[in-house]
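What follows is a single structure, written as structure tokens, with notes after it.
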Amino acid sequence: MIDPKLLSRDFDEVVQKLHKKRVSIELLTQLKSAYLNHKNLKNELESAQAFQNEKSRQFQNVPKNEIDDLKKELAVNKIRIAELNANVRETETKLEKLLHSIPNIPADDIPDGKDENDNLLLETVLIPREFDFEPKAHFELGEQNGWLDFERGAKLAKSRFTLIRGFGAKLERALINFMLDHNRACGFEEVSVPIITNSKSLFGTGQLPKFEEDLFKIEDEDLYLIPTSEVTLTNIFNDEIINSEELPIKLTAVTPCFRKEAGSGGRDIRGIIRQHQFYKVELVSITKQENSDEILEKMVECASSMLTKLGLPHRKMLLCSGDMGFSARKTVDIEVWLPSQNKYREISSVSNTGDFQARRANIRYRDGKNNRFVHTLNGSSLAVGRTLVAIMENFQTSNGNITIPEILNKYL
RNA sequence: GGACAGAUGGGUGAGAUGGCUUAAACCAAUUCCCUGCUAAGGAAUCGUAUCUGGUUAACAGGUACCGAGGGUUCGAAUCCCUCUCUGUCCGCCA
């Protein structure tokens with residue numbers, strides 16, 4: 001949630017910055033007038049309440065014969081308060097609805113652009129190997145080695161659910177342990193969180209109300225399967241005021257993630273690149289406002305160095321304004337090389353949301369005398385399934401075997 | 001799932017009989033004093049949000065908030081209703 005005060009203070013600047021994120025001026029103008037309208041009505045309500053309070057206080061020392069007159073007067077004012085109150089609520093919900101649909105304002109150094117083609121290459125790490133045979137796709141290798149069973153996954157649930165078996169399952173578990181150890185070495189505390197969460201938490205991190213269609217909801221309950229542990233990790237602190245000595249708080253967790261993938265149509269239908277359920281090791285940082293950018297760099301480095309340890313070629317991309325997510329003010333994607341597709345594919349995404357989520361989830365810290373909103377950052381340390389894909393494809397041999405990165409030996 | 005109890009500020013915890021209680025007291029915290037340093041001691045400040053005035057400061061004032069939402073009343077932390085959560089006991093269970 002952006003700061004509504006910015007609208008009355010620096011309207012033109014907000015318009016200009018959010019234009020980069022494809023938010024229309026009309027919407028922002030609407031929002032501004034809703035804000036001012038609500039403010040005026042609220043002022044009116046408050047003076048009526050002040051009147052009521054002041055007169056009520058007189059009751060104890062007013063002569064008995066004047067009490068009836070006073071009561072009459074206040075009865076009238078009470079009706080006015082009720083009316084104003086109804087109006088204020090109406091304008092408030094209208095304002096909130098608008099406010100909640102506005103994405104975060106991008107940071108100043110974000111390239112303006114429409115989609116992934118306008119992203120900025122920051123760095124390439126490791127050179128993709130040359131194959132002297134036609135590299136196979138992970139789903140072929142997976143079936144050949146008995147690691148991936150798509151038909152039975154679909155039988156058990158539906159398409160986009162996959163059974164991982166035998167050494168594949170063991171490798172997945174090894175990867176998880178490797179990643180968590182790596183993150184711990186980067187200074188992140190390991191947490192085990194619920195993988196079901198309520199609407200308040202999902203609102204806090206920005207998944208609700210706008211992206212409900214991508215969530216699996218528990219029937220008849222105010223509960224959802226988490227789409228990422230970012231939701232539960234970040235909301236650990238909602239409605240809290242954190243002592244500034246405790247910052248930055250750096251957390252890591254592994255959880256299954258659940259996504260409906262509504263609107264992704266037939267994309268990546270084969271294989272395990274895009275699943276309804278997948279394991280992801282996540283990083284979340286809660287920081288003071290002044291060091292979130294620096295922590296973003298560190299988180300990107302933490303994820304990137306993990307891929308380097310695994311020997312996987314990858315690159316870092318600074319996302320352009322049009323390709324960034326709803327809550328982000330700055331995002332760096334890490335893309336891993338997939339030989340079968342002959343291109344880089346997203347395996348990690350690290351975002352600084354600034355105070356956008358903190359404002360929604362009401363997470364603050366005490367900075368001397370003042371309470372300020374924290375900055376929250378989140379990043380996939382790596383999507384486990386996609387890492388599995390990358391290992392299979394990059395380290396396949398001509399007969400379809402897969403060489404396992406040495407660093408994983410002690411986890412197998 | 002059944003029975004009972006509870007929910008107050010950063011923490012602990014007072015607030016029969018509704019009004020001067022946004023809320024005592026204690027702890028923590030911040031600032032200052034004292035001390036060569038540490039410890040101890042003393043003084044002051046100290047809920048959140050929002051609006052108005054003031055130089056976007058200090059500060060002053062208004063409003064709302066004592067789990068959430070309704071109700072009664074001129075007036076509710078205090079009375080009534082609904083919900084949520086927590087604790088304890090019983091039942092069930094990995």
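Just remember, in the structure tokens the first chain shown is A, the second B, etc., residues are 1-based per chain, and ligands are 1-based in the order shown.
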Discussion item. Based on only C-alpha atoms (C1' of nucleotides), which of the residues in chain A come within 10 Å of chain B? I want them as a VMD selection string.
Written reply: chain A and resid 39 to 40 42 to 43 45 to 50 52 to 60 67 to 68 70 to 75 78 240 to 243 368 to 369 371
Selection file, N, CA, C and O atoms, as a short mmCIF file (atom, residue, chain, number, x, y, z; two decimals), in the first residue's frame:
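Ended up saving to result.cif:
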data_model
loop_
_atom_site.label_atom_id
_atom_site.label_comp_id
_atom_site.auth_asym_id
_atom_site.auth_seq_id
_atom_site.Cartn_x
_atom_site.Cartn_y
_atom_site.Cartn_z
N LYS A 39 -11.37 12.72 3.98
CA LYS A 39 -10.77 13.53 5.02
C LYS A 39 -11.73 14.62 5.49
O LYS A 39 -11.90 14.83 6.70
N ASN A 40 -12.36 15.30 4.55
CA ASN A 40 -13.30 16.36 4.90
C ASN A 40 -14.46 15.84 5.72
O ASN A 40 -14.84 16.41 6.74
N LYS A 42 -14.59 13.24 7.48
CA LYS A 42 -14.15 12.77 8.78
C LYS A 42 -13.95 13.93 9.75
O LYS A 42 -14.29 13.83 10.92
N ASN A 43 -13.44 15.03 9.22
CA ASN A 43 -13.31 16.22 10.06
C ASN A 43 -14.66 16.66 10.59
O ASN A 43 -14.79 17.03 11.76
N LEU A 45 -17.33 14.83 11.01
CA LEU A 45 -17.76 13.86 12.01
C LEU A 45 -17.09 14.12 13.35
O LEU A 45 -17.73 14.10 14.41
N GLU A 46 -15.81 14.41 13.28
CA GLU A 46 -15.07 14.57 14.52
C GLU A 46 -15.50 15.80 15.31
O GLU A 46 -15.53 15.77 16.54
N SER A 47 -15.86 16.86 14.62
CA SER A 47 -16.31 18.02 15.39
C SER A 47 -17.68 17.75 16.01
O SER A 47 -17.96 18.22 17.12
N ALA A 48 -18.51 16.98 15.32
CA ALA A 48 -19.80 16.60 15.92
C ALA A 48 -19.57 15.74 17.16
O ALA A 48 -20.26 15.89 18.17
N GLN A 49 -18.60 14.86 17.08
CA GLN A 49 -18.30 14.01 18.23
C GLN A 49 -17.74 14.83 19.38
O GLN A 49 -18.06 14.59 20.55
N ALA A 50 -16.92 15.82 19.02
CA ALA A 50 -16.33 16.68 20.05
C ALA A 50 -17.44 17.41 20.81
O ALA A 50 -17.41 17.54 22.03
N GLN A 52 -20.57 16.43 21.17
CA GLN A 52 -21.28 15.45 21.99
C GLN A 52 -20.51 15.17 23.29
O GLN A 52 -21.08 15.15 24.37
N ASN A 53 -19.22 14.98 23.13
CA ASN A 53 -18.40 14.68 24.30
C ASN A 53 -18.39 15.82 25.31
O ASN A 53 -18.51 15.61 26.51
N GLU A 54 -18.26 17.02 24.77
CA GLU A 54 -18.15 18.16 25.67
C GLU A 54 -19.44 18.35 26.47
O GLU A 54 -19.42 18.55 27.67
N LYS A 55 -20.57 18.26 25.76
CA LYS A 55 -21.86 18.46 26.42
C LYS A 55 -22.13 17.34 27.43
O LYS A 55 -22.69 17.57 28.50
N SER A 56 -21.73 16.13 27.08
CA SER A 56 -21.97 15.00 27.98
C SER A 56 -21.24 15.19 29.28
O SER A 56 -21.71 14.79 30.34
N ARG A 57 -20.08 15.80 29.19
CA ARG A 57 -19.28 16.01 30.38
C ARG A 57 -19.97 16.97 31.36
O ARG A 57 -19.71 16.96 32.55
N GLN A 58 -20.88 17.82 30.82
CA GLN A 58 -21.54 18.81 31.67
C GLN A 58 -22.62 18.20 32.56
O GLN A 58 -23.11 18.84 33.49
N PHE A 59 -23.02 16.98 32.28
CA PHE A 59 -24.17 16.40 32.96
C PHE A 59 -24.08 16.39 34.47
O PHE A 59 -25.07 16.56 35.16
N GLN A 60 -22.89 16.16 34.97
CA GLN A 60 -22.74 16.01 36.41
C GLN A 60 -23.01 17.30 37.17
O GLN A 60 -23.47 17.27 38.27
N ILE A 67 -31.51 19.52 32.45
CA ILE A 67 -31.07 18.24 31.89
C ILE A 67 -31.89 17.81 30.68
O ILE A 67 -31.34 17.34 29.68
N ASP A 68 -33.21 18.02 30.76
CA ASP A 68 -34.04 17.57 29.64
C ASP A 68 -33.71 18.30 28.35
O ASP A 68 -33.67 17.71 27.29
N LEU A 70 -30.87 19.66 27.57
CA LEU A 70 -29.57 19.18 27.12
C LEU A 70 -29.72 17.83 26.41
O LEU A 70 -29.15 17.60 25.35
N LYS A 71 -30.54 16.99 26.99
CA LYS A 71 -30.76 15.67 26.37
C LYS A 71 -31.34 15.80 24.97
O LYS A 71 -30.94 15.09 24.06
N LYS A 72 -32.29 16.72 24.84
CA LYS A 72 -32.93 16.91 23.53
C LYS A 72 -31.89 17.35 22.51
O LYS A 72 -31.85 16.86 21.38
N GLU A 73 -31.11 18.31 22.93
CA GLU A 73 -30.09 18.85 22.04
C GLU A 73 -29.14 17.75 21.58
O GLU A 73 -28.78 17.65 20.40
N LEU A 74 -28.76 16.92 22.52
CA LEU A 74 -27.80 15.88 22.20
C LEU A 74 -28.40 14.75 21.38
O LEU A 74 -27.72 14.11 20.58
N ALA A 75 -29.70 14.54 21.57
CA ALA A 75 -30.36 13.51 20.77
C ALA A 75 -30.30 13.88 19.29
O ALA A 75 -30.07 13.02 18.43
N LYS A 78 -26.87 13.43 18.01
CA LYS A 78 -26.54 12.01 17.92
C LYS A 78 -26.96 11.44 16.56
O LYS A 78 -26.25 10.63 15.96
N GLU A 240 3.21 -5.53 14.76
CA GLU A 240 4.21 -5.44 15.83
C GLU A 240 5.10 -4.21 15.64
O GLU A 240 5.27 -3.71 14.53
N ILE A 241 5.64 -3.76 16.76
CA ILE A 241 6.65 -2.71 16.73
C ILE A 241 7.95 -3.36 17.19
O ILE A 241 8.04 -3.83 18.32
N ILE A 242 8.93 -3.41 16.30
CA ILE A 242 10.15 -4.15 16.57
C ILE A 242 11.20 -3.19 17.12
O ILE A 242 11.31 -2.05 16.67
N ASN A 243 11.97 -3.64 18.11
CA ASN A 243 13.09 -2.83 18.59
C ASN A 243 14.14 -2.74 17.49
O ASN A 243 14.48 -3.74 16.88
N GLY A 368 14.46 5.66 17.64
CA GLY A 368 14.50 6.74 18.62
C GLY A 368 13.11 6.97 19.16
O GLY A 368 12.50 6.07 19.72
N LYS A 369 12.57 8.16 18.93
CA LYS A 369 11.24 8.48 19.44
C LYS A 369 10.13 8.07 18.47
O LYS A 369 8.98 7.95 18.84
N ASN A 371 8.10 5.87 15.47
CA ASN A 371 7.84 4.55 14.92
C ASN A 371 7.82 4.68 13.40
O ASN A 371 7.11 5.52 12.86
#
Discussion item. I need the alpha helix (DSSP H) residues of segment 115-199 of chain A per DSSP on the backbone, written as a VMD selection string.
Written reply: chain A and resid 138 to 145 150 to 156 166 to 185 199
Fill in: Two-atom distance - atom CA of Asp181 of chain A, atom CA of Asn352 of chain A (Å)
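According to the coordinates, atom CA of Asp181 of chain A and atom CA of Asn352 of chain A are separated by 23.3 Å.
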Discussion item. Please return, as an NGL selection string, all residues of segment 265-391 of chain A that DSSP assigns to strand (DSSP E or B) on the basis of the backbone.
Written reply: :A and (277-287 or 314-318 or 330-338 or 343-352 or 364-367 or 370-373 or 375-383)
Discussion item. Please compute the atom CA of Leu338 of chain A-atom CA of Val389 of chain A distance, one decimal, in Å.
Written reply: 8.1 Å
Discussion item. Could you list, as a VMD selection string, every residue within 12 Å of U21 of chain B, counting only C-alpha atoms (C1' of nucleotides) and ignoring same-chain residues fewer than 6 positions away?
Written reply: chain B and resid 8 14 to 15 66 77 to 78
Got a sec: who's within 9 Å of Glu297 of chain A, counting only C-alpha atoms (C1' of nucleotides), leaving out chain neighbours fewer than 5 positions off, as a PDB file with N, CA and C atoms, in the first residue's frame?
ATOM      1  N   SER A 292      17.762  -1.282   3.288  1.00  0.00           N
ATOM      2  CA  SER A 292      17.114  -2.345   2.525  1.00  0.00           C
ATOM      3  C   SER A 292      17.794  -2.586   1.174  1.00  0.00           C
ATOM      4  N   CYS A 302      23.511 -14.153  -2.128  1.00  0.00           N
ATOM      5  CA  CYS A 302      23.327 -15.425  -1.421  1.00  0.00           C
ATOM      6  C   CYS A 302      22.743 -16.470  -2.372  1.00  0.00           C
ATOM      7  N   VAL A 332      15.303  -8.161  -8.533  1.00  0.00           N
ATOM      8  CA  VAL A 332      16.345  -8.784  -9.342  1.00  0.00           C
ATOM      9  C   VAL A 332      15.973 -10.249  -9.514  1.00  0.00           C
TER      10      VAL A 332
END
Worksheet item: Quick one: distance from atom CA of Thr232 of chain A to atom CA of Gly271 of chain A in Å, one decimal?
Response: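 These atoms are spaced 28.0 Å apart.
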Practice prompt. Would you mind listing what lies within 8 Å of Ser340 of chain A as a list in words, with only C-alpha atoms (C1' of nucleotides) counted and same-chain residues fewer than 3 positions away left out?
Written response: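 Selected residues are Pro135, Lys136, Ala137, His138 and Glu393 of chain A.
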Worksheet item: Skipping near chain neighbours, those fewer than 6 positions away, what residues fall within 10 Å of segment 87-90 of chain B using only C-alpha atoms (C1' of nucleotides), listed as a PyMOL selection string?
Response: chain B and resi 2-6
Worksheet item: Got a sec: who's within 9 Å of segment 20-34 of chain A, counting only C-alpha atoms (C1' of nucleotides), leaving out chain neighbours fewer than 2 positions off, as a PyMOL selection string?
Response: chain A and resi 4+7-8+11+14-18+36-39+91-92+94-95+98-99+102-106+111-114+320-324+326
The selected residues should be written to file as a PDB file, in the first residue's frame (atoms: C-alpha atoms).
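And here is the file that came out, part-v9.pdb:
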ATOM      1  CA  PRO A   4      -2.056   8.148   0.733  1.00  0.00           C
ATOM      2  CA  LEU A   7      -1.181  11.879  -3.183  1.00  0.00           C
ATOM      3  CA  SER A   8      -2.100  15.236  -1.727  1.00  0.00           C
ATOM      4  CA  PHE A  11       0.564  14.091  -6.724  1.00  0.00           C
ATOM      5  CA  VAL A  14       3.383   9.831  -7.894  1.00  0.00           C
ATOM      6  CA  VAL A  15       1.565   9.927 -11.219  1.00  0.00           C
ATOM      7  CA  GLN A  16       4.831  10.064 -13.089  1.00  0.00           C
ATOM      8  CA  LYS A  17       6.400   7.215 -11.136  1.00  0.00           C
ATOM      9  CA  LEU A  18       3.381   4.963 -11.251  1.00  0.00           C
ATOM     10  CA  LEU A  36      -9.685  14.363   0.204  1.00  0.00           C
ATOM     11  CA  ASN A  37     -13.396  13.705   0.282  1.00  0.00           C
ATOM     12  CA  HIS A  38     -12.978  11.201   3.054  1.00  0.00           C
ATOM     13  CA  LYS A  39     -10.766  13.531   5.021  1.00  0.00           C
ATOM     14  CA  THR A  91     -16.016   6.911   1.673  1.00  0.00           C
ATOM     15  CA  GLU A  92     -13.501   4.929   3.652  1.00  0.00           C
ATOM     16  CA  LYS A  94     -14.201   3.326  -1.360  1.00  0.00           C
ATOM     17  CA  LEU A  95     -10.824   4.835  -0.577  1.00  0.00           C
ATOM     18  CA  LEU A  98      -8.787   2.063  -4.583  1.00  0.00           C
ATOM     19  CA  LEU A  99      -5.728   2.240  -2.420  1.00  0.00           C
ATOM     20  CA  ILE A 102      -2.479   0.447  -6.530  1.00  0.00           C
ATOM     21  CA  PRO A 103       0.880  -1.303  -6.955  1.00  0.00           C
ATOM     22  CA  ASN A 104       4.065  -0.167  -5.299  1.00  0.00           C
ATOM     23  CA  ILE A 105       5.995   2.803  -6.636  1.00  0.00           C
ATOM     24  CA  PRO A 106       9.142   1.613  -8.428  1.00  0.00           C
ATOM     25  CA  PRO A 111      14.478   0.869 -16.057  1.00  0.00           C
ATOM     26  CA  ASP A 112      11.203   1.877 -17.671  1.00  0.00           C
ATOM     27  CA  GLY A 113       9.833  -0.908 -19.813  1.00  0.00           C
ATOM     28  CA  LYS A 114       6.914  -3.012 -20.868  1.00  0.00           C
ATOM     29  CA  CYS A 320      11.958  -3.234 -15.692  1.00  0.00           C
ATOM     30  CA  SER A 321       8.933  -1.393 -14.321  1.00  0.00           C
ATOM     31  CA  GLY A 322       6.436  -3.341 -16.423  1.00  0.00           C
ATOM     32  CA  ASP A 323       7.740  -6.773 -15.445  1.00  0.00           C
ATOM     33  CA  MET A 324       7.866  -6.165 -11.703  1.00  0.00           C
ATOM     34  CA  PHE A 326       2.578  -5.747  -7.547  1.00  0.00           C
TER      35      PHE A 326
END
